[in-house]
Amino acid sequence: MNNFMKPLSISVLAAVAITLSACGGERHKGDAGEPSAKSEMRSEFKQGQRTLKVAEAFLTAAGSGDGETLNTLMADDFVWHNEGDATIPWIGNWEGKDVVFGEFMPAFGAGLKTTSWTTDYKMASGNQAIFMGKMSAIANNSGAETGEFSWAVRVHVEDEKVKSWNWFEDSFAVSQAYHADIAE
């Protein structure tokens with residue numbers, strides 16, 4: 001090592017040592033009464049896996065129209081939220097099982113027919129799960145196709161029940177198909 005590099009290396013090592021000692025120097029091991037970071041991460045991972053299992057079952061039931069399973073997996077105060085063009089009948093907040101089954105599902109079913117669907121990514125941490133994929137559909141009122149577009153959903157699970165379903169899609173594609181002029 002040349003003479004210039006020796007002092008630089010020693011300076012860098014000293015700076016790292018000072019920084020580490022200022023930050024506690026060691027990884028937090030936790031006291032007897034508090035969990036370690038590793039233990040907390042393991043617990044968060046396990047919770048995430050349980051969340052993912054419930055959320056996947058819900059996604060499958062929603063995709064297949066299995067209302068009985070949806071009802072079993074929904075919390076009583078469940079909220080279904082779809083982002084997008086508020087002039088489309090199924091966009092917005094739908095709060096409570098009765099409203100979801102009595103208003104949202106019929107509006108969505110009457111409005112859009114899914115023609116292709118993929119779930120490309122899934123992940124979970126704690127009580128939140130996220131799914132992403134692609135889909136295409138036909139707006140029933142106009143007969144217009146959306147073309148393929150991306151979608152994502154964030155699912156909140158508590159006590160093995162889905163508390164909320166927050167749906168994101170290419171709402172421009174859906175809006176264009178829904179508002180397409182049939183006389184074209």
# chains A, B, ... in the order shown; residues from 1 in each chain; ligands from 1

call {"tool": "residues_around", "arguments": {"residues": "Asp66 of chain A", "least_positions_apart": "6", "cutoff": "12 Å", "atoms": "only C-alpha atoms", "output": "list in words"}}
result
Ala57, Phe58, Leu59, Thr60, Thr72, Leu73, Phe101 and Met105 of chain A

call {"tool": "write_last_selection", "arguments": {"atoms": "C-alpha atoms", "output": "compact mmCIF listing (two decimals), in the first residue's frame"}}
result
# COMPACT_ATOMS: atom_id res chain seq x y z
CA ALA A 57 -58.11 -17.22 -0.48
CA PHE A 58 -60.09 -13.98 -0.71
CA LEU A 59 -58.59 -13.11 -4.12
CA THR A 60 -59.40 -16.59 -5.44
CA THR A 72 -66.67 -16.15 5.53
CA LEU A 73 -63.40 -14.27 5.01
CA PHE A 101 -72.94 -7.96 -1.53
CA MET A 105 -71.16 -6.85 -6.46

call {"tool": "closest_residue", "arguments": {"among": "A:Glu103, A:Glu95, A:Asp170, A:Glu160", "to": "Gly147 of chain A", "atoms": "only C-alpha atoms"}}
result
A:Asp170

call {"tool": "select_by_dssp", "arguments": {"residues": "segment 105-146 of chain A", "states": "helix (DSSP H, G or I)", "output": "MDAnalysis selection string"}}
result
chainID A and resid 105:111

call {"tool": "decode", "arguments": {"residues": "segment 29-168 of chain A", "atoms": "C-alpha atoms", "output": "compact mmCIF listing (two decimals), in the first residue's frame"}}
result
# COMPACT_ATOMS: atom_id res chain seq x y z
CA LYS A 29 -29.43 -7.64 21.37
CA GLY A 30 -32.45 -6.66 23.45
CA ASP A 31 -32.95 -6.91 27.15
CA ALA A 32 -34.51 -9.96 28.75
CA GLY A 33 -37.88 -8.16 28.77
CA GLU A 34 -37.85 -6.88 25.17
CA PRO A 35 -37.73 -8.86 21.93
CA SER A 36 -34.72 -8.63 19.67
CA ALA A 37 -34.92 -7.14 16.19
CA LYS A 38 -34.46 -10.64 14.74
CA SER A 39 -37.32 -11.98 16.85
CA GLU A 40 -39.57 -9.07 15.77
CA MET A 41 -38.70 -9.68 12.11
CA ARG A 42 -39.46 -13.40 12.46
CA SER A 43 -42.83 -12.60 14.06
CA GLU A 44 -43.63 -10.04 11.32
CA PHE A 45 -42.72 -12.62 8.66
CA LYS A 46 -44.93 -15.30 10.23
CA GLN A 47 -47.82 -12.83 10.48
CA GLY A 48 -47.23 -11.87 6.84
CA GLN A 49 -47.47 -15.50 5.75
CA ARG A 50 -50.80 -15.92 7.59
CA THR A 51 -52.01 -12.66 6.03
CA LEU A 52 -50.97 -13.82 2.57
CA LYS A 53 -52.85 -17.11 2.98
CA VAL A 54 -56.11 -15.35 3.93
CA ALA A 55 -55.67 -12.67 1.25
CA GLU A 56 -54.98 -15.29 -1.45
CA ALA A 57 -58.11 -17.22 -0.48
CA PHE A 58 -60.09 -13.98 -0.71
CA LEU A 59 -58.59 -13.11 -4.12
CA THR A 60 -59.40 -16.59 -5.44
CA ALA A 61 -62.97 -16.41 -4.13
CA ALA A 62 -63.47 -12.93 -5.63
CA GLY A 63 -62.12 -14.08 -8.98
CA SER A 64 -64.34 -17.16 -9.10
CA GLY A 65 -67.48 -15.49 -7.76
CA ASP A 66 -67.52 -17.64 -4.61
CA GLY A 67 -69.71 -15.42 -2.41
CA GLU A 68 -69.90 -17.95 0.42
CA THR A 69 -66.11 -17.94 0.89
CA LEU A 70 -65.97 -14.14 0.52
CA ASN A 71 -68.61 -13.80 3.24
CA THR A 72 -66.67 -16.15 5.53
CA LEU A 73 -63.40 -14.27 5.01
CA MET A 74 -64.82 -10.71 5.35
CA ALA A 75 -64.77 -8.85 8.63
CA ASP A 76 -68.19 -7.46 9.55
CA ASP A 77 -66.90 -3.90 9.07
CA PHE A 78 -65.17 -4.80 5.79
CA VAL A 79 -64.44 -1.98 3.29
CA TRP A 80 -64.05 -2.55 -0.46
CA HIS A 81 -62.51 0.50 -2.13
CA ASN A 82 -61.99 0.91 -5.89
CA GLU A 83 -59.95 3.84 -7.15
CA GLY A 84 -60.97 5.47 -10.41
CA ASP A 85 -63.54 7.43 -12.38
CA ALA A 86 -66.42 8.23 -10.01
CA THR A 87 -68.89 8.20 -12.93
CA ILE A 88 -68.49 4.41 -13.12
CA PRO A 89 -71.09 2.72 -10.86
CA TRP A 90 -68.71 0.36 -9.02
CA ILE A 91 -65.98 2.90 -8.19
CA GLY A 92 -65.67 4.26 -4.65
CA ASN A 93 -66.00 3.06 -1.05
CA TRP A 94 -68.29 0.17 -0.20
CA GLU A 95 -68.54 -0.30 3.57
CA GLY A 96 -69.93 -3.41 5.28
CA LYS A 97 -70.78 -6.88 4.01
CA ASP A 98 -74.39 -6.02 3.20
CA VAL A 99 -73.39 -3.06 1.05
CA VAL A 100 -70.64 -5.04 -0.71
CA PHE A 101 -72.94 -7.96 -1.53
CA GLY A 102 -76.10 -5.91 -2.08
CA GLU A 103 -74.75 -2.93 -4.03
CA PHE A 104 -71.12 -3.27 -5.13
CA MET A 105 -71.16 -6.85 -6.46
CA PRO A 106 -74.30 -6.36 -8.58
CA ALA A 107 -72.99 -3.04 -9.98
CA PHE A 108 -69.60 -4.53 -10.81
CA GLY A 109 -71.07 -7.73 -12.26
CA ALA A 110 -73.46 -5.78 -14.45
CA GLY A 111 -70.75 -3.37 -15.54
CA LEU A 112 -67.63 -5.31 -16.43
CA LYS A 113 -66.82 -8.78 -17.77
CA THR A 114 -63.24 -9.90 -17.15
CA THR A 115 -61.76 -11.58 -20.25
CA SER A 116 -58.22 -12.27 -19.01
CA TRP A 117 -56.50 -12.21 -15.64
CA THR A 118 -53.03 -12.87 -14.24
CA THR A 119 -51.61 -12.43 -10.79
CA ASP A 120 -47.92 -11.80 -11.35
CA TYR A 121 -46.67 -10.71 -7.92
CA LYS A 122 -47.69 -11.21 -4.31
CA MET A 123 -46.10 -10.18 -1.05
CA ALA A 124 -47.06 -9.60 2.55
CA SER A 125 -45.71 -8.06 5.70
CA GLY A 126 -47.54 -8.09 9.00
CA ASN A 127 -51.25 -7.60 8.36
CA GLN A 128 -50.88 -6.18 4.81
CA ALA A 129 -50.70 -8.12 1.53
CA ILE A 130 -50.22 -6.80 -1.98
CA PHE A 131 -51.02 -8.49 -5.28
CA MET A 132 -50.24 -7.17 -8.77
CA GLY A 133 -51.07 -8.42 -12.22
CA LYS A 134 -52.65 -7.75 -15.58
CA MET A 135 -56.19 -8.08 -16.83
CA SER A 136 -58.52 -7.14 -19.65
CA ALA A 137 -62.27 -6.76 -19.71
CA ILE A 138 -65.31 -5.69 -21.67
CA ALA A 139 -67.64 -2.94 -20.45
CA ASN A 140 -71.08 -4.55 -20.59
CA ASN A 141 -72.96 -1.31 -21.27
CA SER A 142 -70.91 -0.37 -24.36
CA GLY A 143 -69.39 -3.67 -25.45
CA ALA A 144 -66.00 -1.91 -25.66
CA GLU A 145 -62.82 -3.71 -24.63
CA THR A 146 -60.40 -2.21 -22.12
CA GLY A 147 -57.33 -3.86 -23.60
CA GLU A 148 -54.78 -5.33 -21.22
CA PHE A 149 -53.99 -3.16 -18.20
CA SER A 150 -52.18 -3.42 -14.87
CA TRP A 151 -53.93 -3.82 -11.53
CA ALA A 152 -52.87 -3.96 -7.89
CA VAL A 153 -54.72 -4.58 -4.66
CA ARG A 154 -53.74 -3.93 -1.05
CA VAL A 155 -55.43 -6.25 1.43
CA HIS A 156 -55.59 -5.60 5.18
CA VAL A 157 -56.15 -8.73 7.30
CA GLU A 158 -56.90 -8.82 11.03
CA ASP A 159 -57.81 -11.90 13.09
CA GLU A 160 -57.86 -14.07 9.92
CA LYS A 161 -60.51 -11.79 8.34
CA VAL A 162 -60.14 -9.30 5.50
CA LYS A 163 -60.79 -5.80 6.86
CA SER A 164 -60.21 -3.90 3.65
CA TRP A 165 -59.60 -4.42 -0.05
CA ASN A 166 -58.12 -1.39 -1.82
CA TRP A 167 -58.21 -1.96 -5.59
CA PHE A 168 -56.10 0.01 -8.09
